Structure formats: structure tokens, C-alpha cells
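The file entry.cif comes next; it holds mmCIF, C-alpha atoms.
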data_query
#
loop_
_atom_site.group_PDB
_atom_site.id
_atom_site.type_symbol
_atom_site.label_atom_id
_atom_site.label_comp_id
_atom_site.auth_asym_id
_atom_site.auth_seq_id
_atom_site.Cartn_x
_atom_site.Cartn_y
_atom_site.Cartn_z
ATOM 1 C CA MET A 1 -113.608 -4.242 160.884
ATOM 2 C CA LYS A 2 -111.438 -2.230 158.559
ATOM 3 C CA LYS A 3 -110.870 -3.929 155.223
ATOM 4 C CA ILE A 4 -107.724 -3.805 153.139
ATOM 5 C CA SER A 5 -108.347 -4.047 149.422
ATOM 6 C CA VAL A 6 -107.191 -7.006 147.366
ATOM 7 C CA ILE A 7 -105.525 -4.453 145.067
ATOM 8 C CA SER A 8 -103.290 -3.370 147.954
ATOM 9 C CA ALA A 9 -102.394 -6.978 148.629
ATOM 10 C CA LEU A 10 -101.459 -7.569 145.019
ATOM 11 C CA ILE A 11 -99.377 -4.405 144.966
ATOM 12 C CA ALA A 12 -97.557 -5.696 148.019
ATOM 13 C CA GLY A 13 -96.932 -8.958 146.202
ATOM 14 C CA THR A 14 -98.682 -11.258 148.686
ATOM 15 C CA GLY A 15 -101.557 -12.446 146.521
ATOM 16 C CA PHE A 16 -103.854 -12.627 149.539
ATOM 17 C CA VAL A 17 -104.879 -10.546 152.516
ATOM 18 C CA SER A 18 -105.559 -10.898 156.225
ATOM 19 C CA THR A 19 -107.850 -8.057 157.208
ATOM 20 C CA SER A 20 -108.066 -9.051 160.875
ATOM 21 C CA LEU A 21 -104.298 -8.973 161.374
ATOM 22 C CA ALA A 22 -103.780 -5.524 159.866
ATOM 23 C CA ALA A 23 -106.798 -4.048 161.636
ATOM 24 C CA GLU A 24 -105.513 -5.041 165.059
ATOM 25 C CA GLU A 25 -101.979 -3.684 164.679
ATOM 26 C CA PRO A 26 -100.853 -0.156 165.724
ATOM 27 C CA ILE A 27 -98.983 0.162 162.411
ATOM 28 C CA GLN A 28 -101.014 0.314 159.214
ATOM 29 C CA VAL A 29 -100.077 -0.687 155.679
ATOM 30 C CA LEU A 30 -98.370 2.090 153.726
ATOM 31 C CA GLN A 31 -100.373 2.607 150.550
ATOM 32 C CA PRO A 32 -98.845 3.548 147.171
ATOM 33 C CA VAL A 33 -99.200 7.165 146.096
ATOM 34 C CA GLN A 34 -102.650 8.241 144.964
ATOM 35 C CA ASN A 35 -104.358 11.377 143.642
ATOM 36 C CA VAL A 36 -101.493 13.543 142.427
ATOM 37 C CA ASN A 37 -101.297 16.027 139.553
ATOM 38 C CA LEU A 38 -98.792 14.372 137.212
ATOM 39 C CA ALA A 39 -97.946 17.581 135.336
ATOM 40 C CA GLN A 40 -97.123 19.344 138.600
ATOM 41 C CA VAL A 41 -95.142 16.295 139.712
ATOM 42 C CA GLU A 42 -92.893 16.431 136.644
ATOM 43 C CA LEU A 43 -92.274 20.155 137.066
ATOM 44 C CA GLY A 44 -91.721 19.747 140.796
ATOM 45 C CA LYS A 45 -89.198 17.001 140.145
ATOM 46 C CA LYS A 46 -87.085 19.401 138.081
ATOM 47 C CA LEU A 47 -87.321 22.101 140.745
ATOM 48 C CA TYR A 48 -86.414 19.612 143.495
ATOM 49 C CA PHE A 49 -83.137 18.819 141.734
ATOM 50 C CA ASP A 50 -82.368 22.341 140.469
ATOM 51 C CA PRO A 51 -79.496 24.014 142.411
ATOM 52 C CA ARG A 52 -80.218 27.354 140.712
ATOM 53 C CA LEU A 53 -82.894 27.957 143.337
ATOM 54 C CA SER A 54 -79.994 28.573 145.726
ATOM 55 C CA ARG A 55 -77.748 31.642 145.858
ATOM 56 C CA SER A 56 -74.673 29.508 145.200
ATOM 57 C CA GLY A 57 -76.162 27.612 142.289
ATOM 58 C CA PHE A 58 -74.914 24.498 144.059
ATOM 59 C CA ILE A 59 -77.492 23.473 146.678
ATOM 60 C CA SER A 60 -80.806 21.875 145.732
ATOM 61 C CA CYS A 61 -83.578 20.254 147.759
ATOM 62 C CA ASN A 62 -81.873 16.957 146.997
ATOM 63 C CA SER A 63 -78.651 18.138 148.640
ATOM 64 C CA CYS A 64 -80.077 17.698 152.140
ATOM 65 C CA HIS A 65 -82.870 15.263 151.225
ATOM 66 C CA ASN A 66 -80.952 12.961 148.936
ATOM 67 C CA LEU A 67 -83.249 10.437 147.276
ATOM 68 C CA SER A 68 -80.330 8.058 146.823
ATOM 69 C CA MET A 69 -79.769 8.046 150.596
ATOM 70 C CA GLY A 70 -83.153 7.523 152.175
ATOM 71 C CA GLY A 71 -84.305 11.091 151.573
ATOM 72 C CA THR A 72 -81.742 12.630 153.909
ATOM 73 C CA ASP A 73 -78.005 13.419 153.898
ATOM 74 C CA ASN A 74 -76.742 11.048 156.625
ATOM 75 C CA LEU A 75 -75.056 13.964 158.417
ATOM 76 C CA LYS A 76 -75.627 15.117 161.998
ATOM 77 C CA THR A 77 -76.631 18.512 160.642
ATOM 78 C CA SER A 78 -76.776 19.598 157.035
ATOM 79 C CA ILE A 79 -74.252 21.797 155.202
ATOM 80 C CA GLY A 80 -75.640 25.094 153.950
ATOM 81 C CA HIS A 81 -74.419 28.126 152.020
ATOM 82 C CA LYS A 82 -70.668 28.767 152.302
ATOM 83 C CA TRP A 83 -70.280 25.559 154.314
ATOM 84 C CA ALA A 84 -72.566 26.782 157.088
ATOM 85 C CA GLN A 85 -73.390 24.172 159.707
ATOM 86 C CA GLY A 86 -77.110 23.615 160.008
ATOM 87 C CA PRO A 87 -78.795 23.797 163.416
ATOM 88 C CA ILE A 88 -80.644 20.479 163.233
ATOM 89 C CA ASN A 89 -80.671 17.043 161.616
ATOM 90 C CA ALA A 90 -82.392 16.906 158.225
ATOM 91 C CA PRO A 91 -85.495 14.685 158.491
ATOM 92 C CA THR A 92 -86.250 12.351 155.624
ATOM 93 C CA VAL A 93 -88.491 13.595 152.822
ATOM 94 C CA LEU A 94 -89.728 10.045 152.214
ATOM 95 C CA ASN A 95 -93.357 9.627 153.313
ATOM 96 C CA SER A 96 -93.293 13.210 154.609
ATOM 97 C CA SER A 97 -96.748 13.832 153.153
ATOM 98 C CA LEU A 98 -98.073 11.728 156.056
ATOM 99 C CA ASN A 99 -96.674 14.081 158.721
ATOM 100 C CA LEU A 100 -99.083 16.175 160.773
ATOM 101 C CA ALA A 101 -96.738 19.136 160.127
ATOM 102 C CA GLN A 102 -93.280 19.737 158.644
ATOM 103 C CA PHE A 103 -89.889 20.397 160.296
ATOM 104 C CA TRP A 104 -88.965 19.003 163.715
ATOM 105 C CA ASP A 105 -90.804 21.873 165.418
ATOM 106 C CA GLY A 106 -93.840 21.768 163.119
ATOM 107 C CA ARG A 107 -93.485 25.362 161.937
ATOM 108 C CA ALA A 108 -94.777 24.528 158.437
ATOM 109 C CA LYS A 109 -98.301 23.178 158.227
ATOM 110 C CA ASP A 110 -97.712 21.205 155.013
ATOM 111 C CA LEU A 111 -95.212 20.340 152.285
ATOM 112 C CA LYS A 112 -96.069 23.413 150.238
ATOM 113 C CA GLU A 113 -95.273 25.768 153.107
ATOM 114 C CA GLN A 114 -92.126 23.825 153.945
ATOM 115 C CA ALA A 115 -90.781 24.010 150.386
ATOM 116 C CA GLY A 116 -90.381 27.775 150.526
ATOM 117 C CA GLY A 117 -88.408 27.816 153.772
ATOM 118 C CA PRO A 118 -84.954 26.524 152.778
ATOM 119 C CA ILE A 119 -84.834 28.691 149.632
ATOM 120 C CA ALA A 120 -84.889 31.902 151.669
ATOM 121 C CA ASN A 121 -82.999 30.633 154.724
ATOM 122 C CA PRO A 122 -79.564 32.345 154.837
ATOM 123 C CA GLY A 123 -78.010 29.259 156.399
ATOM 124 C CA GLU A 124 -79.413 26.875 153.803
ATOM 125 C CA MET A 125 -79.961 27.866 150.169
ATOM 126 C CA ALA A 126 -79.402 31.549 151.047
ATOM 127 C CA SER A 127 -81.504 32.953 148.222
ATOM 128 C CA ASN A 128 -84.864 34.715 148.478
ATOM 129 C CA HIS A 129 -88.184 34.110 146.806
ATOM 130 C CA THR A 130 -87.869 37.070 144.463
ATOM 131 C CA LEU A 131 -84.457 36.002 143.179
ATOM 132 C CA ALA A 132 -85.502 32.363 142.831
ATOM 133 C CA VAL A 133 -88.523 33.382 140.763
ATOM 134 C CA ASP A 134 -86.366 35.731 138.642
ATOM 135 C CA VAL A 135 -84.048 32.827 137.855
ATOM 136 C CA LEU A 136 -86.911 30.597 136.747
ATOM 137 C CA GLN A 137 -88.611 33.407 134.805
ATOM 138 C CA SER A 138 -85.389 33.947 132.837
ATOM 139 C CA ILE A 139 -85.306 30.352 131.601
ATOM 140 C CA PRO A 140 -87.608 29.803 128.586
ATOM 141 C CA GLY A 141 -87.882 26.076 129.224
ATOM 142 C CA TYR A 142 -89.319 26.720 132.665
ATOM 143 C CA VAL A 143 -91.603 29.512 131.466
ATOM 144 C CA ARG A 144 -93.131 27.166 128.912
ATOM 145 C CA GLU A 145 -93.607 24.399 131.451
ATOM 146 C CA PHE A 146 -95.155 26.691 134.067
ATOM 147 C CA LYS A 147 -97.507 27.943 131.336
ATOM 148 C CA LEU A 148 -98.437 24.384 130.436
ATOM 149 C CA VAL A 149 -98.925 23.268 134.046
ATOM 150 C CA PHE A 150 -100.461 26.354 135.658
ATOM 151 C CA GLY A 151 -101.781 28.278 132.664
ATOM 152 C CA THR A 152 -99.869 31.488 133.354
ATOM 153 C CA ASP A 153 -96.836 33.229 131.863
ATOM 154 C CA LYS A 154 -95.825 34.663 135.227
ATOM 155 C CA VAL A 155 -93.927 32.384 137.593
ATOM 156 C CA THR A 156 -94.673 32.901 141.292
ATOM 157 C CA ILE A 157 -93.264 31.314 144.442
ATOM 158 C CA ASP A 158 -96.733 29.918 145.136
ATOM 159 C CA GLU A 159 -96.543 27.809 141.987
ATOM 160 C CA VAL A 160 -92.940 26.833 142.674
ATOM 161 C CA THR A 161 -93.722 25.484 146.132
ATOM 162 C CA GLN A 162 -96.934 23.841 144.922
ATOM 163 C CA ALA A 163 -95.043 21.892 142.253
ATOM 164 C CA ILE A 164 -92.265 20.814 144.639
ATOM 165 C CA ALA A 165 -94.835 19.675 147.204
ATOM 166 C CA GLU A 166 -96.736 17.689 144.583
ATOM 167 C CA PHE A 167 -93.546 15.869 143.614
ATOM 168 C CA GLU A 168 -92.750 15.170 147.268
ATOM 169 C CA LYS A 169 -96.178 13.564 147.690
ATOM 170 C CA THR A 170 -95.017 10.818 145.338
ATOM 171 C CA LEU A 171 -92.057 9.911 147.560
ATOM 172 C CA VAL A 172 -93.767 7.108 149.436
ATOM 173 C CA THR A 173 -92.132 3.737 150.052
ATOM 174 C CA PRO A 174 -94.717 0.934 150.086
ATOM 175 C CA ASN A 175 -94.239 -2.826 149.997
ATOM 176 C CA SER A 176 -91.806 -3.223 152.873
ATOM 177 C CA ARG A 177 -91.487 -6.727 154.254
ATOM 178 C CA PHE A 178 -93.476 -5.559 157.260
ATOM 179 C CA ASP A 179 -96.280 -4.365 154.975
ATOM 180 C CA GLN A 180 -96.253 -7.759 153.295
ATOM 181 C CA TRP A 181 -96.583 -9.386 156.704
ATOM 182 C CA LEU A 182 -99.481 -7.101 157.613
ATOM 183 C CA LEU A 183 -101.167 -8.115 154.379
ATOM 184 C CA GLY A 184 -100.947 -11.782 155.250
ATOM 185 C CA LYS A 185 -97.596 -13.078 154.036
ATOM 186 C CA LYS A 186 -96.709 -15.051 157.150
ATOM 187 C CA ASP A 187 -93.128 -15.836 156.123
ATOM 188 C CA ALA A 188 -92.245 -12.185 155.347
ATOM 189 C CA LEU A 189 -90.651 -11.789 158.801
ATOM 190 C CA THR A 190 -88.194 -14.006 160.636
ATOM 191 C CA PRO A 191 -88.773 -15.157 164.237
ATOM 192 C CA LYS A 192 -86.169 -12.624 165.411
ATOM 193 C CA GLU A 193 -87.942 -9.787 163.589
ATOM 194 C CA LEU A 194 -91.320 -10.851 164.964
ATOM 195 C CA ALA A 195 -89.872 -10.961 168.468
ATOM 196 C CA GLY A 196 -88.575 -7.447 167.926
ATOM 197 C CA TYR A 197 -91.983 -6.248 166.829
ATOM 198 C CA GLU A 198 -93.697 -7.785 169.852
ATOM 199 C CA LEU A 199 -91.114 -6.105 172.086
ATOM 200 C CA PHE A 200 -91.635 -2.832 170.195
ATOM 201 C CA LYS A 201 -95.324 -3.002 171.092
ATOM 202 C CA SER A 202 -95.159 -4.381 174.624
ATOM 203 C CA SER A 203 -92.493 -1.926 175.798
ATOM 204 C CA GLY A 204 -94.476 1.108 174.592
ATOM 205 C CA CYS A 205 -92.601 2.182 171.440
ATOM 206 C CA SER A 206 -95.802 1.930 169.405
ATOM 207 C CA GLY A 207 -97.485 4.480 171.666
ATOM 208 C CA CYS A 208 -95.734 7.207 169.632
ATOM 209 C CA HIS A 209 -94.545 5.308 166.567
ATOM 210 C CA ASN A 210 -97.770 4.128 164.986
ATOM 211 C CA GLY A 211 -99.957 4.630 161.918
ATOM 212 C CA PRO A 212 -98.916 4.133 158.287
ATOM 213 C CA ALA A 213 -95.721 6.197 158.701
ATOM 214 C CA VAL A 214 -94.848 4.610 162.071
ATOM 215 C CA GLY A 215 -94.608 8.115 163.507
ATOM 216 C CA GLY A 216 -94.944 11.674 162.256
ATOM 217 C CA ASN A 217 -98.392 12.137 163.782
ATOM 218 C CA SER A 218 -97.640 13.708 167.182
ATOM 219 C CA PHE A 219 -95.221 15.869 169.152
ATOM 220 C CA GLN A 220 -93.498 14.329 172.167
ATOM 221 C CA LYS A 221 -90.988 15.537 174.731
ATOM 222 C CA MET A 222 -87.436 14.330 174.195
ATOM 223 C CA GLY A 223 -86.364 12.931 177.550
ATOM 224 C CA LEU A 224 -89.687 11.996 179.094
ATOM 225 C CA VAL A 225 -88.379 9.785 181.917
ATOM 226 C CA LYS A 226 -84.821 11.097 182.123
ATOM 227 C CA PRO A 227 -83.458 14.379 180.690
ATOM 228 C CA TYR A 228 -81.848 14.225 177.268
ATOM 229 C CA LYS A 229 -78.463 15.939 177.327
ATOM 230 C CA THR A 230 -77.492 17.723 174.128
ATOM 231 C CA SER A 231 -75.533 20.726 172.914
ATOM 232 C CA SER A 232 -78.240 21.492 170.359
ATOM 233 C CA LYS A 233 -80.045 24.789 170.867
ATOM 234 C CA ALA A 234 -83.248 23.553 169.229
ATOM 235 C CA GLU A 235 -86.243 24.174 171.482
ATOM 236 C CA GLY A 236 -88.766 22.121 169.578
ATOM 237 C CA LEU A 237 -92.452 23.009 169.428
ATOM 238 C CA ALA A 238 -91.962 25.816 171.982
ATOM 239 C CA ALA A 239 -90.209 27.869 169.290
ATOM 240 C CA VAL A 240 -93.510 27.864 167.381
ATOM 241 C CA SER A 241 -96.130 27.866 170.141
ATOM 242 C CA GLY A 242 -94.285 30.115 172.586
ATOM 243 C CA LYS A 243 -95.384 27.805 175.414
ATOM 244 C CA ASP A 244 -92.819 26.654 177.931
ATOM 245 C CA ALA A 245 -94.713 23.371 178.271
ATOM 246 C CA ASP A 246 -93.742 22.616 174.640
ATOM 247 C CA ARG A 247 -90.006 22.984 175.252
ATOM 248 C CA PHE A 248 -88.063 20.029 173.852
ATOM 249 C CA LYS A 249 -91.180 18.593 172.262
ATOM 250 C CA PHE A 250 -90.336 17.443 168.755
ATOM 251 C CA LYS A 251 -92.329 15.851 165.977
ATOM 252 C CA VAL A 252 -92.045 12.096 166.346
ATOM 253 C CA PRO A 253 -90.015 10.965 163.324
ATOM 254 C CA THR A 254 -91.256 8.304 160.954
ATOM 255 C CA LEU A 255 -89.561 4.939 161.341
ATOM 256 C CA ARG A 256 -90.200 3.977 157.734
ATOM 257 C CA ASN A 257 -86.798 3.320 156.065
ATOM 258 C CA VAL A 258 -85.111 4.095 159.366
ATOM 259 C CA GLU A 259 -82.108 1.884 158.596
ATOM 260 C CA LEU A 260 -81.287 4.363 155.790
ATOM 261 C CA THR A 261 -81.789 7.639 157.656
ATOM 262 C CA TYR A 262 -78.942 7.649 160.182
ATOM 263 C CA PRO A 263 -77.792 9.439 162.276
ATOM 264 C CA TYR A 264 -80.805 9.748 164.562
ATOM 265 C CA PHE A 265 -82.690 12.308 166.679
ATOM 266 C CA HIS A 266 -83.053 16.035 166.064
ATOM 267 C CA ASP A 267 -79.375 16.583 166.868
ATOM 268 C CA GLY A 268 -78.088 13.536 164.991
ATOM 269 C CA GLU A 269 -76.231 12.314 168.066
ATOM 270 C CA ALA A 270 -77.243 8.652 167.811
ATOM 271 C CA ALA A 271 -75.022 7.168 165.133
ATOM 272 C CA THR A 272 -76.625 3.734 164.918
ATOM 273 C CA LEU A 273 -80.045 2.159 165.318
ATOM 274 C CA ALA A 274 -78.816 0.127 168.273
ATOM 275 C CA GLU A 275 -77.697 3.305 170.030
ATOM 276 C CA ALA A 276 -80.997 5.027 169.251
ATOM 277 C CA VAL A 277 -83.043 2.107 170.598
ATOM 278 C CA ASP A 278 -80.988 2.015 173.804
ATOM 279 C CA ILE A 279 -81.392 5.765 174.397
ATOM 280 C CA MET A 280 -85.113 5.743 173.617
ATOM 281 C CA GLY A 281 -85.654 2.829 175.963
ATOM 282 C CA ARG A 282 -83.914 4.519 178.886
ATOM 283 C CA LEU A 283 -85.037 8.131 178.370
ATOM 284 C CA GLN A 284 -88.547 7.700 176.991
ATOM 285 C CA LEU A 285 -89.709 4.389 178.448
ATOM 286 C CA GLY A 286 -87.604 3.991 181.578
ATOM 287 C CA ARG A 287 -86.432 0.607 180.375
ATOM 288 C CA LYS A 288 -82.916 -0.744 179.888
ATOM 289 C CA PHE A 289 -83.039 -3.104 176.927
ATOM 290 C CA SER A 290 -80.591 -5.993 176.871
ATOM 291 C CA GLU A 291 -78.262 -6.468 173.923
ATOM 292 C CA THR A 292 -80.476 -9.296 172.692
ATOM 293 C CA GLU A 293 -83.597 -7.152 172.954
ATOM 294 C CA ILE A 294 -81.924 -4.271 171.124
ATOM 295 C CA ALA A 295 -80.847 -6.628 168.336
ATOM 296 C CA GLN A 296 -84.415 -7.920 168.020
ATOM 297 C CA ILE A 297 -85.934 -4.426 167.828
ATOM 298 C CA VAL A 298 -83.305 -3.318 165.304
ATOM 299 C CA ALA A 299 -84.070 -6.396 163.203
ATOM 300 C CA PHE A 300 -87.759 -5.446 163.212
ATOM 301 C CA LEU A 301 -87.026 -1.816 162.318
ATOM 302 C CA LYS A 302 -85.101 -2.911 159.247
ATOM 303 C CA THR A 303 -88.236 -4.635 157.918
ATOM 304 C CA LEU A 304 -89.793 -1.159 157.546
ATOM 305 C CA THR A 305 -87.587 -0.337 154.559
ATOM 306 C CA GLY A 306 -89.873 -0.102 151.541
ATOM 307 C CA GLU A 307 -89.493 0.316 147.818
ATOM 308 C CA GLN A 308 -87.478 3.468 147.202
ATOM 309 C CA PRO A 309 -88.625 6.108 144.685
ATOM 310 C CA SER A 310 -87.325 5.281 141.234
ATOM 311 C CA PHE A 311 -87.507 7.560 138.219
ATOM 312 C CA GLN A 312 -85.435 8.976 135.401
ATOM 313 C CA LEU A 313 -83.223 11.827 136.529
ATOM 314 C CA PRO A 314 -84.745 15.075 135.208
ATOM 315 C CA ILE A 315 -82.846 17.081 132.592
ATOM 316 C CA LEU A 316 -83.016 20.748 133.592
ATOM 317 C CA PRO A 317 -83.614 23.509 131.028
ATOM 318 C CA PRO A 318 -80.505 25.632 130.400
ATOM 319 C CA SER A 319 -79.962 29.131 131.748
ATOM 320 C CA THR A 320 -79.768 32.127 129.416
ATOM 321 C CA GLU A 321 -77.784 35.346 129.311
ATOM 322 C CA ALA A 322 -80.579 36.947 131.323
ATOM 323 C CA THR A 323 -80.399 34.393 134.138
ATOM 324 C CA PRO A 324 -78.957 35.853 137.367
ATOM 325 C CA ARG A 325 -75.508 34.388 137.925
ATOM 326 C CA PRO A 326 -74.831 32.115 140.917
ATOM 327 C CA ARG A 327 -72.798 33.582 143.784
ATOM 328 C CA PRO A 328 -71.288 30.655 145.631
ATOM 329 C CA PHE A 329 -68.687 32.614 147.582
ATOM 330 C CA GLU A 330 -70.655 35.718 148.518
#
Please render this file's structure as C-alpha cells.
Amino acid sequence: MKKISVISALIAGTGFVSTSLAAEEPIQVLQPVQNVNLAQVELGKKLYFDPRLSRSGFISCNSCHNLSMGGTDNLKTSIGHKWAQGPINAPTVLNSSLNLAQFWDGRAKDLKEQAGGPIANPGEMASNHTLAVDVLQSIPGYVREFKLVFGTDKVTIDEVTQAIAEFEKTLVTPNSRFDQWLLGKKDALTPKELAGYELFKSSGCSGCHNGPAVGGNSFQKMGLVKPYKTSSKAEGLAAVSGKDADRFKFKVPTLRNVELTYPYFHDGEAATLAEAVDIMGRLQLGRKFSETEIAQIVAFLKTLTGEQPSFQLPILPPSTEATPRPRPFE
């Protein structure tokens, strides 16, 4: 039987642990961050918030993955360079290190590979890797920090994306009320929330939404029982694999902090959790949930909100006369 450490229980604030309960559940306890390079984390934090990595000098990683808003932007699709409408809903960055791949279609194998994408995407940050590196290389404060962290005077995109990814690894949200319940705190959930969890399991939701992240570990077809109608042109995994069988297969999103990450689905068409639960029941499970059942499942889902990342806002080193100027309107 899998054991959960007493340390984890204390972190979760329960003071005791029930190993049998947690071992039998499809959802596992979300552990606090471990094994990160703190120097890279501090540098990556600055880069995550620095809009100078974009052509406009206005858009940063935090623009679409806002850490004050559940790691997303709460828009159907994000706003890019020159007010460009993005093609897909921005997934949360919180707990993204637990994903089997990054982006809805899985085109990036890890956080490091993902971090370089938006910088060079003309519809997002609209810069390129050469320009982004030139900007950083022109700022003495960054040059010194890259030297300290990576031991080199020459900034490269490889180091930039490595630092951002290392910071993103710290964005985990442990100690939700559901985690506390898994660890043995019997009064952490209300009867309504427990009923919602039992319904979540018995109706088949946990077949895809499982593990520590309650998702993020598989690709599934959107509209398994009934077709999902959308105006979105996103093809899902097929755009990466080239296989027609993968059309409309998307990475199953994490349900951690899901009450914060509205609107829902790859196209952002479900505005509320209740709407999302209803659609998932009908299209994925072939089940029409009653209003009472939907309310119970929604109540359970809200117990998955964990402790949000908290840190001092980084102060960015100033540009110099040699720093390439931002071009927000070009």
C-alpha cells in the first residue's frame, strides 16, 4: 500500500494521515514543490513578468497566465500583439509541470520547450528569439544575473527558457481542502461536496480527470458520445501527429483551481462550471445531470482550489540606451 509521509500531512495542516484512503482514490495528494534550482527560479521569475520579451514591450508571460487570476486570463481566447485574437483558450500555468505535454495539442514536450513558443509567435508576443536575447544582453542587470546563474556572459534562448520553466515548476497549489480530506481530515469536506465527489467518480469523470493534477495526463476526444459543436478551428492532437484519428483530441485539462480558471474548454465557450459539467456529462459520458447533481459536482470541484503562489513581485533591471526599443504599433 502506498504510504503518504507524515511531513505531507503536516504541510497540509491535518496533523495526521490516512494512507488507506488516499491510496484507494483516483486523485492523489498534490505535493509541494521539490527539487528546483532556486537561482534559476529567481531569474525565471523576472523573465516571466518582463514585457520586454515581446515586440510591443507590453505583453509578458503573466499577461495570458496571470498569477493573480488562477494562472490564466479568464478570457475565451487571449489578446496578442496589436490586439490580435488568439486561436485558443489559455490553459492555466498552475501545476503545469505535471502535464504529460504542454499546449492543448501537446506540441511542446515540456515547460522549457513551451516557454519559447509565445515569444516568437506573431499573434502572441510577436518577437523572435534573436531579438529577445538582444534585449536581455543589452541590460547589464540581466547579464550579471545570467553570469551568476549559468556561468556565462552570453545570453541564449536556451537559458532564457530554462529559467522560465524552472520558475513555472514552483507554481504548484497544494493544501486544497480536498487534499486535506485525502490526508485524513474527515471534516474538510461537507456532505454536499462528498456527494459531488462520489458522483464525479461513479459517473466516469475520474476516468480522465485523475492523478495529482486531476487531469493533464492524457489526450481525449472532445465530443466522445455526441459531437461538440464549435466555431474554433483548433484540430487538437491531429495538428501535431498528422493522424486523422487524433482530430479533436485535446489534452485533458487539470481541474486543480478550476473555479478560478473560467471560461472552460479549448474554445472557452463554457462560461461557468455548471455549464461545463452539464456539457461534459452529455457529450463525454452520455449522461444528463440534474440541477442538484450539477450543484454537487460543482461544490466538489471548488474544493480543489489550493494555496496560490505567493511571492514578492520582482523588480526588473532597467533598460539602457543600447536596448532595442519596443514597437507596440508595428
Exercise for the section: Determine, counting only C-alpha atoms, which protein, DNA and RNA residues have an atom within 10 Å of an atom of Ala115 (chain A); residues of the same chain fewer than 2 positions away are not included. Present the result as a ChimeraX atom specification. Expected result: /A:48,61,102,108,110-113,117-120,157-158,160-165,168
Completion exercise
Taken to one decimal, the CA of Thr230 (chain A)-CA of Lys201 (chain A) distance is 27.5 Å
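The residue that comes closest to Thr173 (chain A), out of A:Phe300, A:His209, A:Val29, A:Lys226 and on the basis of all atoms listed in the file, is A:Val29.
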Exercise for the section: Find the residue from A:Pro326, A:Pro227, A:Gly196, A:Pro317 that sits nearest to Phe58 (chain A); use all atoms listed in the file when measuring. Expected result: A:Pro326
Contact table region 137-223 of chain A vs region 233-250 of chain A, cut-off 12 Å, shortest pair per residue, only C-alpha atoms, as a Markdown table:
| residue | atom | partner | partner_atom | distance |
| --- | --- | --- | --- | --- |
| A:Cys208 | CA | A:Phe250 | CA | 11.6 |
| A:Gly215 | CA | A:Phe250 | CA | 11.5 |
| A:Gly216 | CA | A:Phe250 | CA | 9.8 |
| A:Asn217 | CA | A:Phe250 | CA | 10.9 |
| A:Ser218 | CA | A:Phe250 | CA | 8.4 |
| A:Phe219 | CA | A:Phe250 | CA | 5.1 |
| A:Gln220 | CA | A:Lys249 | CA | 4.9 |
| A:Lys221 | CA | A:Lys249 | CA | 3.9 |
| A:Met222 | CA | A:Phe248 | CA | 5.7 |
| A:Gly223 | CA | A:Phe248 | CA | 8.2 |
Problem - Shell of 10 Å around Thr305 (chain A), only C-alpha atoms, local chain residues under 3 positions omitted, as number ranges by chain - result: A: 70, 173-179, 255-260, 301-302, 308
Residues near Ala276 (chain A), cut-off 12 Å, all atoms listed in the file, skip fewer than 6 positions along chain, as a CSV table (one decimal) with C-alpha atoms, in the coordinates of the input:
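File written: selection_39.csv
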chain,number,residue,atom,x,y,z
A,255,LEU,CA,-89.6,4.9,161.3
A,258,VAL,CA,-85.1,4.1,159.4
A,259,GLU,CA,-82.1,1.9,158.6
A,261,THR,CA,-81.8,7.6,157.7
A,262,TYR,CA,-78.9,7.6,160.2
A,263,PRO,CA,-77.8,9.4,162.3
A,264,TYR,CA,-80.8,9.7,164.6
A,265,PHE,CA,-82.7,12.3,166.7
A,266,HIS,CA,-83.1,16.0,166.1
A,267,ASP,CA,-79.4,16.6,166.9
A,268,GLY,CA,-78.1,13.5,165.0
A,269,GLU,CA,-76.2,12.3,168.1
A,270,ALA,CA,-77.2,8.7,167.8
A,282,ARG,CA,-83.9,4.5,178.9
A,283,LEU,CA,-85.0,8.1,178.4
A,284,GLN,CA,-88.5,7.7,177.0
A,289,PHE,CA,-83.0,-3.1,176.9
A,294,ILE,CA,-81.9,-4.3,171.1
A,295,ALA,CA,-80.8,-6.6,168.3
A,297,ILE,CA,-85.9,-4.4,167.8
A,298,VAL,CA,-83.3,-3.3,165.3
A,301,LEU,CA,-87.0,-1.8,162.3
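Of the listed residues (A:Thr77, A:Gln180, A:Thr72, A:Asn121), A:Thr72 comes nearest to Thr92 (chain A); the distances count only C-alpha atoms.
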